[in-house]
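Dropping upload15.cif in here (mmCIF, C-alpha atoms):
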data_input
#
loop_
_atom_site.label_atom_id
_atom_site.label_comp_id
_atom_site.auth_asym_id
_atom_site.auth_seq_id
_atom_site.Cartn_x
_atom_site.Cartn_y
_atom_site.Cartn_z
CA MET D 163 13.19 -8.46 -48.01
CA ALA D 164 14.55 -11.07 -45.58
CA LEU D 165 17.90 -9.28 -45.46
CA ARG D 166 16.19 -5.98 -44.79
CA LEU D 167 14.20 -7.57 -41.93
CA ALA D 168 17.35 -9.15 -40.51
CA SER D 169 19.17 -5.82 -40.70
CA LEU D 170 16.32 -4.05 -38.94
CA SER D 171 16.22 -6.74 -36.24
CA PHE D 172 20.00 -6.49 -35.72
CA SER D 173 19.74 -2.68 -35.45
CA LEU D 174 16.98 -2.94 -32.85
CA LEU D 175 19.00 -5.50 -30.91
CA LEU D 176 21.99 -3.16 -30.83
CA MET D 177 19.84 -0.22 -29.71
CA SER D 178 18.44 -2.23 -26.82
CA GLY D 179 21.89 -3.08 -25.53
CA GLY D 180 21.73 -6.65 -26.76
CA ALA D 181 19.32 -7.76 -24.08
CA ALA D 182 15.74 -8.56 -24.85
CA ALA D 183 13.28 -6.40 -22.94
CA ALA D 184 11.04 -8.36 -20.66
CA PRO D 185 7.97 -7.32 -18.70
CA VAL D 186 8.45 -6.56 -15.05
CA LEU D 187 6.34 -8.80 -12.86
CA ARG D 188 5.20 -7.27 -9.59
CA LEU D 189 3.00 -8.40 -6.75
CA ASP D 190 -0.09 -6.30 -6.11
CA ILE D 191 -3.18 -6.22 -3.93
CA ALA D 192 -6.25 -7.62 -5.67
CA LEU D 193 -9.86 -7.16 -4.62
CA PRO D 194 -10.34 -10.48 -2.75
CA LEU D 195 -7.36 -9.85 -0.44
CA ALA D 196 -8.25 -6.16 -0.05
CA GLY D 197 -11.77 -7.15 0.96
CA ASP D 198 -10.46 -9.69 3.47
CA LEU D 199 -8.15 -7.08 5.00
CA VAL D 200 -10.94 -4.51 5.27
CA ASP D 201 -13.28 -7.02 6.90
CA ALA D 202 -10.61 -8.24 9.33
CA THR D 203 -9.76 -4.66 10.27
CA LEU D 204 -13.39 -3.78 10.94
CA ALA D 205 -13.74 -6.97 13.02
CA ALA D 206 -10.63 -6.04 15.04
CA CYS D 207 -12.06 -2.58 15.74
CA GLN D 208 -15.50 -3.99 16.57
CA ALA D 209 -13.89 -6.42 19.04
CA GLN D 210 -12.73 -3.29 20.89
CA GLY D 211 -16.21 -1.76 20.75
CA ARG D 212 -15.20 0.63 17.97
CA GLY D 213 -16.25 1.35 14.42
CA ALA D 214 -13.98 2.69 11.70
CA ALA D 215 -13.51 3.46 8.05
CA VAL D 216 -10.95 1.22 6.37
CA ALA D 217 -9.32 1.64 2.96
CA VAL D 218 -6.86 -0.52 1.03
CA VAL D 219 -4.85 0.77 -1.93
CA ASP D 220 -2.78 -1.22 -4.41
CA ARG D 221 0.89 -0.63 -5.22
CA GLY D 222 -0.06 2.23 -7.55
CA GLY D 223 -2.05 4.03 -4.86
CA ASN D 224 -5.40 3.13 -6.42
CA LEU D 225 -8.29 2.50 -4.06
CA VAL D 226 -9.19 -1.20 -4.12
CA ALA D 227 -11.57 -1.55 -1.16
CA LEU D 228 -13.27 0.79 1.30
CA LYS D 229 -15.85 0.23 4.04
CA ARG D 230 -17.19 2.45 6.77
CA ALA D 231 -18.92 1.09 9.86
CA ASP D 232 -22.30 2.52 10.79
CA GLY D 233 -22.05 5.70 12.81
CA VAL D 234 -18.52 6.61 11.70
CA GLY D 235 -18.23 10.16 10.38
CA PRO D 236 -18.14 10.48 6.59
CA HIS D 237 -14.86 12.43 6.63
CA ASN D 238 -13.16 9.26 7.87
CA THR D 239 -13.53 7.53 4.49
CA LEU D 240 -11.24 10.09 2.85
CA ALA D 241 -8.91 10.06 5.86
CA ALA D 242 -8.59 6.26 5.69
CA GLN D 243 -7.82 6.39 1.96
CA ARG D 244 -5.21 9.11 2.42
CA LYS D 245 -3.56 7.21 5.28
CA ALA D 246 -3.37 4.09 3.11
CA TYR D 247 -1.88 6.12 0.25
CA THR D 248 0.61 7.82 2.57
CA ALA D 249 1.80 4.51 4.07
CA LEU D 250 2.24 3.06 0.58
CA SER D 251 3.95 6.13 -0.84
CA ALA D 252 6.41 6.55 2.02
CA LYS D 253 6.75 2.80 2.66
CA THR D 254 6.42 3.65 6.34
CA PRO D 255 3.67 3.59 8.97
CA THR D 256 1.95 6.97 9.02
CA ARG D 257 2.51 7.25 12.79
CA VAL D 258 6.27 7.19 12.16
CA LEU D 259 5.99 9.85 9.45
CA ALA D 260 3.91 12.07 11.74
CA GLU D 261 6.56 11.77 14.47
CA ARG D 262 9.35 12.56 12.00
CA THR D 263 7.65 15.73 10.76
CA ARG D 264 7.53 16.99 14.35
CA THR D 265 11.13 16.10 15.22
CA GLU D 266 13.16 16.21 12.00
CA PRO D 267 13.29 19.51 10.10
CA ASP D 268 14.15 17.73 6.82
CA THR D 269 10.80 15.93 6.79
CA ALA D 270 8.61 18.83 7.91
CA ASN D 271 7.92 19.73 4.27
CA LEU D 272 5.87 16.52 3.93
CA THR D 273 3.03 18.40 5.63
CA THR D 274 2.74 20.58 2.52
CA LEU D 275 1.79 17.67 0.25
CA PRO D 276 -2.02 17.58 0.15
CA GLU D 277 -2.15 13.89 -0.86
CA LEU D 278 -0.45 12.78 2.35
CA LEU D 279 -2.14 12.48 5.72
CA LEU D 280 0.39 12.40 8.52
CA LEU D 281 -1.71 10.82 11.25
CA GLY D 282 -1.30 7.35 12.70
CA GLY D 283 -3.47 4.60 11.30
CA GLY D 284 -1.84 3.83 7.95
CA LEU D 285 0.44 0.84 7.38
CA PRO D 286 2.26 -0.36 4.27
CA LEU D 287 1.26 -3.82 3.07
CA MET D 288 4.37 -5.91 2.63
CA SER D 289 5.19 -9.13 0.85
CA GLY D 290 8.68 -9.97 2.04
CA ASN D 291 10.63 -6.72 1.68
CA GLU D 292 8.38 -5.38 -1.08
CA VAL D 293 5.61 -2.84 -0.48
CA ILE D 294 2.59 -4.00 -2.46
CA GLY D 295 -0.11 -1.71 -1.07
CA GLY D 296 -1.30 0.23 1.92
CA ILE D 297 -4.09 0.08 4.48
CA GLY D 298 -5.57 3.03 6.30
CA VAL D 299 -7.96 3.20 9.23
CA ALA D 300 -9.75 6.27 10.56
CA GLY D 301 -12.46 7.00 13.07
CA SER D 302 -11.92 4.23 15.62
CA GLY D 303 -11.13 6.65 18.42
CA GLY D 304 -7.55 7.70 17.83
CA ALA D 305 -4.44 6.98 15.83
CA ALA D 306 -3.20 4.24 18.16
CA MET D 307 -6.47 2.31 17.92
CA ASP D 308 -6.61 2.85 14.14
CA GLU D 309 -3.13 1.38 13.73
CA ALA D 310 -3.78 -1.49 16.15
CA CYS D 311 -6.87 -2.59 14.18
CA ALA D 312 -4.92 -2.54 10.91
CA ALA D 313 -1.97 -4.41 12.46
CA ARG D 314 -4.29 -7.16 13.75
CA ALA D 315 -5.81 -7.60 10.29
CA ILE D 316 -2.40 -7.78 8.65
CA ALA D 317 -1.27 -10.37 11.19
CA THR D 318 -4.41 -12.41 10.52
CA HIS D 319 -3.67 -12.44 6.78
CA ALA D 320 0.13 -12.64 6.91
CA ALA D 321 0.15 -15.96 5.06
CA LYS D 322 -1.81 -14.43 2.17
CA LEU D 323 0.67 -11.56 1.95
CA SER D 324 3.68 -13.89 1.87
CA ILE D 325 4.71 -15.44 -1.41
CA GLN D 326 6.61 -18.72 -1.35
CA THR D 327 9.58 -18.42 -3.68
CA ASN D 328 11.32 -21.66 -2.74
CA GLN D 329 9.56 -24.58 -4.33
CA THR D 330 10.52 -28.21 -3.96
CA ASN D 331 10.08 -30.39 -7.00
#
Since I need it in another form, could you write the structure as structure tokens?
Amino acid sequence: MALRLASLSFSLLLMSGGAAAAPVLRLDIALPLAGDLVDATLAACQAQGRGAAVAVVDRGGNLVALKRADGVGPHNTLAAQRKAYTALSAKTPTRVLAERTRTEPDTANLTTLPELLLLGGGLPLMSGNEVIGGIGVAGSGGAAMDEACAARAIATHAAKLSIQTNQTN
């Protein structure tokens, strides 16, 4: 029995290329940080006398947090979520994608994907060089204002998005 188990283990080791499989550890956006980003974005818009809908998605494109200020049209909640998803998916600000679809024929087909919303106001959430989520803003009075509110919130929480990898013992 022990020999049979050892033989099976050796066969599995050979099939896996000799290296033990290990889980992949990835950073992600959790609810507390998503909530902080949404609140900071709404505060940035309100400081400009604007309301907005703000959505944050995690690295898998799943909605983590969403808030809509009073008086903001209900269609903006979906727009904010789609902008967040688009920024995450393309790893690019949605304003840049919108510009590319107008100027580069190779990217024009992005307008045919119903999940994407190619309007300014969506930014990828980065930790170092890794995209770990997306934030989308809609309804603040234009794409430039939407993006500015999100950028202010990200700047406010930059330390929370950064992960220290160098530790001193």
* Asked: Got a sec: who's within 8 Å of region 225-229 of chain D, counting all atoms listed in the file, leaving out chain neighbours fewer than 2 positions off, as a PyMOL selection string?
  -> chain D and resi 191-193+196-197+200+215-220+223+231+239+243
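Here the question is which of D:Asp268, D:Leu189, D:Leu195, D:Cys311 gets nearest to Asn291 (chain D) using all atoms listed in the file, and that residue is D:Leu189.
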* In file coordinates, which residues lie within 10 Å of (-3.7, 7.0, 14.3) using only C-alpha atoms, given as a PyMOL selection string? -> chain D and resi 242+245+255-257+260+280-284+298-310
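The space separating CA of Thr318 (chain D) from CA of Asp190 (chain D) comes to 18.2 Å.
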* **Straight-line distance linking CA of Leu279 (chain D) with CA of Thr254 (chain D), stated in Å to one decimal** =>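 If I compute the distance from CA of Leu279 (chain D) to CA of Thr254 (chain D), I get 12.3 Å.
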